[in-house]
file query.pdb (PDB, C-alpha atoms and all ligand atoms)
MODEL        1
ATOM      1  CA  MET Z 576     -12.539 -13.401 -14.888
ATOM      2  CA  THR Z 577     -11.093 -16.836 -15.475
ATOM      3  CA  ILE Z 578      -9.537 -18.556 -18.467
ATOM      4  CA  GLU Z 579     -12.839 -20.366 -18.940
ATOM      5  CA  ASP Z 580     -14.476 -17.074 -19.938
ATOM      6  CA  ALA Z 581     -15.739 -17.326 -23.487
ATOM      7  CA  GLN Z 582     -14.098 -14.043 -24.534
ATOM      8  CA  LYS Z 583     -10.618 -15.158 -23.489
ATOM      9  CA  PRO Z 584      -8.697 -17.595 -25.676
ATOM     10  CA  ALA Z 585      -7.010 -20.470 -23.807
ATOM     11  CA  PRO Z 586      -3.379 -19.494 -23.227
ATOM     12  CA  ILE Z 587      -0.677 -21.320 -25.152
ATOM     13  CA  ILE Z 588       2.707 -21.899 -23.506
ATOM     14  CA  ARG Z 589       5.699 -20.818 -25.588
ATOM     15  CA  PRO Z 590       9.242 -19.503 -25.117
ATOM     16  CA  ALA Z 591       9.364 -15.761 -24.451
ATOM     17  CA  THR Z 592      10.718 -13.385 -27.058
ATOM     18  CA  VAL Z 593      12.268  -9.983 -26.393
ATOM     19  CA  ALA Z 594       8.942  -8.436 -27.400
ATOM     20  CA  ASP Z 595       7.218 -10.199 -24.458
ATOM     21  CA  LEU Z 596       9.568  -8.877 -21.794
ATOM     22  CA  PRO Z 597       7.820  -5.566 -20.988
ATOM     23  CA  ALA Z 598       4.605  -7.520 -20.323
ATOM     24  CA  CYS Z 599       6.484  -9.904 -18.008
ATOM     25  CA  ALA Z 600       7.994  -6.951 -16.127
ATOM     26  CA  ALA Z 601       4.538  -5.385 -15.805
ATOM     27  CA  ILE Z 602       3.129  -8.579 -14.231
ATOM     28  CA  ILE Z 603       5.781  -8.645 -11.492
ATOM     29  CA  ASN Z 604       5.694  -4.875 -10.963
ATOM     30  CA  ASP Z 605       1.909  -5.022 -10.482
ATOM     31  CA  TYR Z 606       2.373  -7.918  -8.051
ATOM     32  CA  LEU Z 607       4.926  -5.920  -6.032
ATOM     33  CA  ASP Z 608       2.602  -2.899  -5.995
ATOM     34  CA  GLN Z 609      -0.338  -4.986  -4.813
ATOM     35  CA  THR Z 610       1.379  -7.170  -2.191
ATOM     36  CA  GLU Z 611       1.377  -5.242   1.074
ATOM     37  CA  TRP Z 612       3.488  -7.690   3.083
ATOM     38  CA  LEU Z 613       6.342  -7.546   0.542
ATOM     39  CA  PRO Z 614       8.477  -4.390   0.687
ATOM     40  CA  ARG Z 615       9.645  -3.175  -2.717
ATOM     41  CA  THR Z 616      13.468  -3.226  -2.840
ATOM     42  CA  LYS Z 617      13.751  -2.315  -6.545
ATOM     43  CA  SER Z 618      12.045   0.537  -8.398
ATOM     44  CA  HIS Z 619       9.721  -0.191 -11.319
ATOM     45  CA  GLU Z 620      12.545   0.771 -13.664
ATOM     46  CA  GLU Z 621      15.056  -1.508 -11.929
ATOM     47  CA  VAL Z 622      12.651  -4.429 -12.183
ATOM     48  CA  ALA Z 623      12.010  -3.670 -15.865
ATOM     49  CA  GLY Z 624      15.791  -3.514 -16.369
ATOM     50  CA  ILE Z 625      16.090  -7.200 -15.425
ATOM     51  CA  PHE Z 626      13.992  -8.190 -18.439
ATOM     52  CA  THR Z 627      16.597  -7.964 -21.197
ATOM     53  CA  ALA Z 628      17.726 -10.111 -24.109
ATOM     54  CA  GLU Z 629      20.568 -11.328 -21.834
ATOM     55  CA  LEU Z 630      17.991 -12.779 -19.441
ATOM     56  CA  LEU Z 631      16.702 -14.969 -22.274
ATOM     57  CA  GLN Z 632      20.251 -16.282 -22.804
ATOM     58  CA  LYS Z 633      20.807 -17.046 -19.096
ATOM     59  CA  ARG Z 634      17.404 -18.555 -18.358
ATOM     60  CA  THR Z 635      14.527 -20.342 -19.972
ATOM     61  CA  VAL Z 636      11.593 -17.959 -19.889
ATOM     62  CA  LEU Z 637       8.183 -19.279 -20.907
ATOM     63  CA  VAL Z 638       5.056 -17.213 -21.320
ATOM     64  CA  ALA Z 639       1.370 -18.072 -21.396
ATOM     65  CA  ASP Z 640       0.049 -16.226 -24.448
ATOM     66  CA  ALA Z 641      -3.707 -15.664 -24.368
ATOM     67  CA  GLY Z 642      -4.408 -14.385 -27.866
ATOM     68  CA  GLY Z 643      -1.554 -11.888 -27.709
ATOM     69  CA  GLU Z 644      -2.019 -10.961 -24.047
ATOM     70  CA  ILE Z 645       0.734 -12.268 -21.754
ATOM     71  CA  ALA Z 646      -1.154 -13.986 -18.928
ATOM     72  CA  ALA Z 647       1.857 -15.401 -17.055
ATOM     73  CA  TYR Z 648       5.544 -16.138 -17.215
ATOM     74  CA  VAL Z 649       8.050 -18.483 -15.636
ATOM     75  CA  SER Z 650      11.827 -18.170 -15.471
ATOM     76  CA  VAL Z 651      14.052 -21.173 -14.775
ATOM     77  CA  ALA Z 652      17.674 -22.283 -15.117
ATOM     78  CA  ASP Z 653      19.444 -25.479 -14.055
ATOM     79  CA  GLY Z 654      16.290 -26.780 -12.393
ATOM     80  CA  PHE Z 655      15.885 -23.696 -10.196
ATOM     81  CA  LEU Z 656      12.602 -21.818 -10.572
ATOM     82  CA  TYR Z 657      13.407 -18.116 -10.334
ATOM     83  CA  ALA Z 658       9.911 -16.839 -10.998
ATOM     84  CA  ILE Z 659       6.340 -17.888 -11.690
ATOM     85  CA  TYR Z 660       3.871 -15.040 -11.954
ATOM     86  CA  ILE Z 661       0.304 -15.290 -13.174
ATOM     87  CA  ALA Z 662      -1.566 -12.047 -13.966
ATOM     88  CA  PRO Z 663      -4.459 -11.527 -11.506
ATOM     89  CA  GLY Z 664      -7.262 -12.269 -13.984
ATOM     90  CA  TYR Z 665      -5.771 -15.680 -14.780
ATOM     91  CA  ARG Z 666      -5.020 -17.004 -11.279
ATOM     92  CA  ARG Z 667      -6.638 -20.113  -9.780
ATOM     93  CA  SER Z 668      -7.622 -21.383 -13.214
ATOM     94  CA  GLY Z 669      -4.983 -24.083 -13.526
ATOM     95  CA  LEU Z 670      -2.437 -22.009 -15.442
ATOM     96  CA  GLY Z 671       0.205 -22.221 -12.708
ATOM     97  CA  LYS Z 672      -0.083 -25.996 -12.771
ATOM     98  CA  ILE Z 673       0.183 -26.101 -16.575
ATOM     99  CA  LEU Z 674       3.400 -24.048 -16.431
ATOM    100  CA  LEU Z 675       4.843 -26.094 -13.574
ATOM    101  CA  ASP Z 676       4.027 -29.351 -15.380
ATOM    102  CA  GLU Z 677       5.915 -28.063 -18.430
ATOM    103  CA  LEU Z 678       8.942 -27.282 -16.232
ATOM    104  CA  LYS Z 679       8.729 -30.760 -14.664
ATOM    105  CA  ARG Z 680       8.926 -32.157 -18.204
ATOM    106  CA  GLN Z 681      12.013 -30.050 -18.884
ATOM    107  CA  TYR Z 682      13.637 -30.954 -15.537
ATOM    108  CA  PRO Z 683      12.309 -34.460 -14.832
ATOM    109  CA  ALA Z 684      14.674 -35.225 -11.920
ATOM    110  CA  GLN Z 685      13.985 -32.266  -9.654
ATOM    111  CA  LEU Z 686      12.978 -28.637  -9.395
ATOM    112  CA  GLU Z 687      13.907 -26.235  -6.610
ATOM    113  CA  LEU Z 688      12.692 -22.784  -5.619
ATOM    114  CA  THR Z 689      12.404 -20.297  -2.810
ATOM    115  CA  VAL Z 690       9.142 -18.783  -1.624
ATOM    116  CA  PHE Z 691       8.471 -16.043   0.900
ATOM    117  CA  GLU Z 692       7.187 -17.510   4.141
ATOM    118  CA  LEU Z 693       4.295 -15.017   4.081
ATOM    119  CA  ASN Z 694       3.199 -16.080   0.586
ATOM    120  CA  GLU Z 695       0.619 -18.571   1.788
ATOM    121  CA  ALA Z 696      -1.121 -18.843  -1.598
ATOM    122  CA  ALA Z 697       2.090 -19.849  -3.373
ATOM    123  CA  ARG Z 698       3.140 -22.215  -0.569
ATOM    124  CA  ARG Z 699      -0.200 -23.987  -0.780
ATOM    125  CA  PHE Z 700       0.156 -24.164  -4.567
ATOM    126  CA  TYR Z 701       3.687 -25.639  -4.417
ATOM    127  CA  GLU Z 702       2.699 -28.147  -1.726
ATOM    128  CA  ARG Z 703      -0.260 -29.239  -3.820
ATOM    129  CA  GLU Z 704       2.136 -29.734  -6.755
ATOM    130  CA  GLY Z 705       4.432 -32.004  -4.747
ATOM    131  CA  PHE Z 706       7.089 -29.614  -3.414
ATOM    132  CA  HIS Z 707       8.483 -30.123   0.098
ATOM    133  CA  GLU Z 708      10.315 -27.669   2.290
ATOM    134  CA  VAL Z 709      14.037 -28.207   2.913
ATOM    135  CA  PRO Z 710      14.121 -26.636   6.414
ATOM    136  CA  GLU Z 711      17.890 -26.218   6.683
ATOM    137  CA  ARG Z 712      17.851 -23.915   3.640
ATOM    138  CA  ARG Z 713      15.427 -21.402   5.100
ATOM    139  CA  ASP Z 714      16.779 -17.845   4.774
ATOM    140  CA  ASP Z 715      15.975 -15.345   7.533
ATOM    141  CA  LYS Z 716      18.190 -12.592   6.131
ATOM    142  CA  THR Z 717      16.646 -11.663   2.792
ATOM    143  CA  GLU Z 718      16.942  -8.224   1.216
ATOM    144  CA  GLU Z 719      13.190  -7.762   1.676
ATOM    145  CA  GLY Z 720      13.292  -8.614   5.402
ATOM    146  CA  VAL Z 721      10.768 -11.425   4.855
ATOM    147  CA  PRO Z 722      12.144 -14.964   5.387
ATOM    148  CA  THR Z 723      12.135 -17.377   2.470
ATOM    149  CA  LEU Z 724      11.591 -21.124   2.533
ATOM    150  CA  PHE Z 725      13.482 -23.420   0.168
ATOM    151  CA  MET Z 726      11.300 -26.054  -1.519
ATOM    152  CA  ARG Z 727      12.109 -29.029  -3.719
ATOM    153  CA  TRP Z 728      10.121 -31.335  -5.984
ATOM    154  CA  ARG Z 729      11.607 -34.701  -6.905
ATOM    155  CA  SER Z 730      10.093 -37.094  -9.396
ATOM    156  CA  ALA Z 731       8.633 -40.215  -7.823
ATOM    157  CA  ALA Z 732      10.590 -42.403 -10.289
TER     158      ALA Z 732
HETATM  159  C1  LIG N   1       0.894 -18.845  -6.839
HETATM  160  C2  LIG N   1       0.513 -18.890  -8.334
HETATM  161  C3  LIG N   1       1.777 -19.003  -9.179
HETATM  162  C4  LIG N   1      -0.372 -20.124  -8.564
HETATM  163  O1  LIG N   1      -0.775 -20.134  -9.909
HETATM  164  P1  LIG N   1      -2.321 -20.382 -10.272
HETATM  165  O2  LIG N   1      -2.461 -20.377 -11.748
HETATM  166  O3  LIG N   1      -3.140 -19.408  -9.504
HETATM  167  O4  LIG N   1      -2.476 -21.859  -9.678
HETATM  168  P2  LIG N   1      -3.452 -23.032 -10.121
HETATM  169  O5  LIG N   1      -4.747 -22.457 -10.614
HETATM  170  O6  LIG N   1      -2.728 -23.977 -10.999
HETATM  171  O7  LIG N   1      -3.650 -23.713  -8.695
HETATM  172  C5  LIG N   1      -4.377 -23.026  -7.713
HETATM  173  C6  LIG N   1      -4.040 -23.625  -6.373
HETATM  174  O8  LIG N   1      -2.960 -22.933  -5.774
HETATM  175  C7  LIG N   1      -3.302 -22.631  -4.398
HETATM  176  N1  LIG N   1      -3.630 -21.202  -4.353
HETATM  177  C8  LIG N   1      -3.380 -20.300  -5.329
HETATM  178  N2  LIG N   1      -3.786 -19.070  -4.936
HETATM  179  C9  LIG N   1      -4.304 -19.217  -3.709
HETATM  180  C10 LIG N   1      -4.866 -18.318  -2.775
HETATM  181  N3  LIG N   1      -5.009 -17.003  -3.047
HETATM  182  N4  LIG N   1      -5.285 -18.799  -1.581
HETATM  183  C11 LIG N   1      -5.173 -20.088  -1.294
HETATM  184  N5  LIG N   1      -4.631 -21.018  -2.151
HETATM  185  C12 LIG N   1      -4.204 -20.572  -3.331
HETATM  186  C13 LIG N   1      -4.508 -23.491  -4.088
HETATM  187  O9  LIG N   1      -4.053 -24.788  -3.760
HETATM  188  C14 LIG N   1      -5.204 -23.495  -5.436
HETATM  189  O10 LIG N   1      -6.059 -24.583  -5.612
HETATM  190  P3  LIG N   1      -7.635 -24.290  -5.489
HETATM  191  O11 LIG N   1      -7.928 -23.106  -6.352
HETATM  192  O12 LIG N   1      -8.246 -25.572  -5.969
HETATM  193  O13 LIG N   1      -7.855 -24.013  -4.026
HETATM  194  C15 LIG N   1      -0.300 -17.626  -8.749
HETATM  195  O14 LIG N   1      -1.448 -17.526  -7.948
HETATM  196  C16 LIG N   1       0.465 -16.341  -8.722
HETATM  197  O15 LIG N   1       1.059 -15.949  -9.733
HETATM  198  N6  LIG N   1       0.476 -15.638  -7.577
HETATM  199  C17 LIG N   1       1.113 -14.338  -7.462
HETATM  200  C18 LIG N   1       2.607 -14.384  -7.691
HETATM  201  C19 LIG N   1       3.307 -15.371  -6.786
HETATM  202  O16 LIG N   1       3.049 -15.441  -5.599
HETATM  203  N7  LIG N   1       4.218 -16.140  -7.401
HETATM  204  C20 LIG N   1       5.021 -17.116  -6.702
HETATM  205  C21 LIG N   1       6.281 -16.481  -6.218
HETATM  206  S1  LIG N   1       7.258 -17.641  -5.273
ENDMDL
END
call {"tool": "encode", "arguments": {"input": "query.pdb", "output": "structure tokens"}}
result
Amino acid sequence: MTIEDAQKPAPIIRPATVADLPACAAIINDYLDQTEWLPRTKSHEEVAGIFTAELLQKRTVLVADAGGEIAAYVSVADGFLYAIYIAPGYRRSGLGKILLDELKRQYPAQLELTVFELNEAARRFYEREGFHEVPERRDDKTEEGVPTLFMRWRSAA
């Protein structure tokens, strides 16, 4: 299914509330369950435990709300993108770009992030959206045992 499906309302982007946090945790927990190349280093409960009211004070968390269903979330602070996760039924429909464009508006100078080297879909997405790798900030010693690349977007202005 895609967001063009008649039954699904177009998602609106809004700041997350505490009530949205279990849905955000479920999106990332499902992703971890379904991604074979990424070893799980935190239990479902530990992941859910990250999604607290304190998180909303430390970071800007935005959700894509599709008629009450949380289709995606992003988490950012100081121009560093900590997370962007789209629920499977909403991927490749432009929602990631909509969320990233909103973050570019909030951080017009630059945005930075890390991405697992094996996450080819996300790397292609970030490259398409103007991010470039900063090779010297590659990390070969992650907790997960999968190297991460550091990527940066800078406004053309
Ligand atoms: C990566 C992600 C955030 C992109 O969001 P999205 O809403 O799917 O992206 P958009 O629809 O705006 O853009 C899609 C583009 O991203 C790239 N892309 C996304 N998924 C892809 C895949 N499975 N294979 C190849 N390219 C892919 C392509 O360039 C694609 O363009 P195309 O569909 O015209 O080929 C989303 O797919 C996702 O949440 N993935 C799982 C979680 C994840 O990996 N998060 C990033 C952690 S660093």
call {"tool": "residues_near_point", "arguments": {"input": "query.pdb", "point": "(5.1, -27.8, -18.7)", "cutoff": "12 Å", "atoms": "only C-alpha atoms", "output": "list in words"}}
result
Ile587, Ile588, Arg589, Pro590, Val636, Leu637, Val638, Ala639, Tyr648, Val649, Val651, Gly669, Leu670, Gly671, Lys672, Ile673, Leu674, Leu675, Asp676, Glu677, Leu678, Lys679, Arg680, Gln681, Tyr682 and Pro683 of chain Z
call {"tool": "atom_distance", "arguments": {"input": "query.pdb", "atom1": "CA of Ile659 (chain Z)", "atom2": "atom O4 of ligand LIG 1 (chain N)"}}
result
9.9 Å
call {"tool": "closest_residue", "arguments": {"input": "query.pdb", "among": "Z:Pro597, Z:Pro586, Z:Pro663, Z:Gly643", "to": "His619 (chain Z)", "atoms": "all atoms listed in the file"}}
result
Z:Pro597
call {"tool": "resolve_selection", "arguments": {"input": "query.pdb", "expression": "the PyMOL selection byres (((chain Z and resi 711-724) around 6) and not hetatm)", "output": "PyMOL selection string"}}
result
chain Z and resi 614+689-692+709-710+725
call {"tool": "closest_residue", "arguments": {"input": "query.pdb", "among": "Z:Ala601, Z:Ala585, Z:Val622, Z:Ala647", "to": "ligand LIG 1 (chain N)", "atoms": "only C-alpha atoms and all ligand atoms"}}
result
Z:Ala647
call {"tool": "atom_distance", "arguments": {"input": "query.pdb", "atom1": "atom C3 of ligand LIG 1 (chain N)", "atom2": "CA of Asp640 (chain Z)"}}
result
15.6 Å
call {"tool": "closest_residue", "arguments": {"input": "query.pdb", "among": "Z:Leu596, Z:Ala591, Z:Ala628, Z:Leu613", "to": "ligand LIG 1 (chain N)", "atoms": "only C-alpha atoms and all ligand atoms"}}
result
Z:Leu613
call {"tool": "closest_residue", "arguments": {"input": "query.pdb", "among": "Z:Asp595, Z:Glu611, Z:Arg634, Z:Ile602", "to": "Asn694 (chain Z)", "atoms": "all atoms listed in the file"}}
result
Z:Glu611
call {"tool": "resolve_selection", "arguments": {"input": "query.pdb", "expression": "the PyMOL selection byres (((chain Z and resi 686) around 9) and not hetatm)", "output": "PyMOL selection string"}}
result
chain Z and resi 653-656+678-679+682-685+687-688+706+726-730
call {"tool": "closest_residue", "arguments": {"input": "query.pdb", "among": "Z:Arg667, Z:Lys633, Z:Arg698, Z:His707", "to": "ligand LIG 1 (chain N)", "atoms": "all atoms listed in the file"}}
result
Z:Arg667
call {"tool": "closest_residue", "arguments": {"input": "query.pdb", "among": "Z:Ala731, Z:Ala697, Z:Ala641, Z:Ala598", "to": "ligand LIG 1 (chain N)", "atoms": "only C-alpha atoms and all ligand atoms"}}
result
Z:Ala697
call {"tool": "axis_aligned_box", "arguments": {"input": "query.pdb", "around": "region 594-605 of chain Z", "padding_each_side": "5 Å", "output": "JSON"}}
result
{"center_x": 5.7, "center_y": -7.5, "center_z": -18.9, "size_x": 17.7, "size_y": 15.3, "size_z": 26.9}
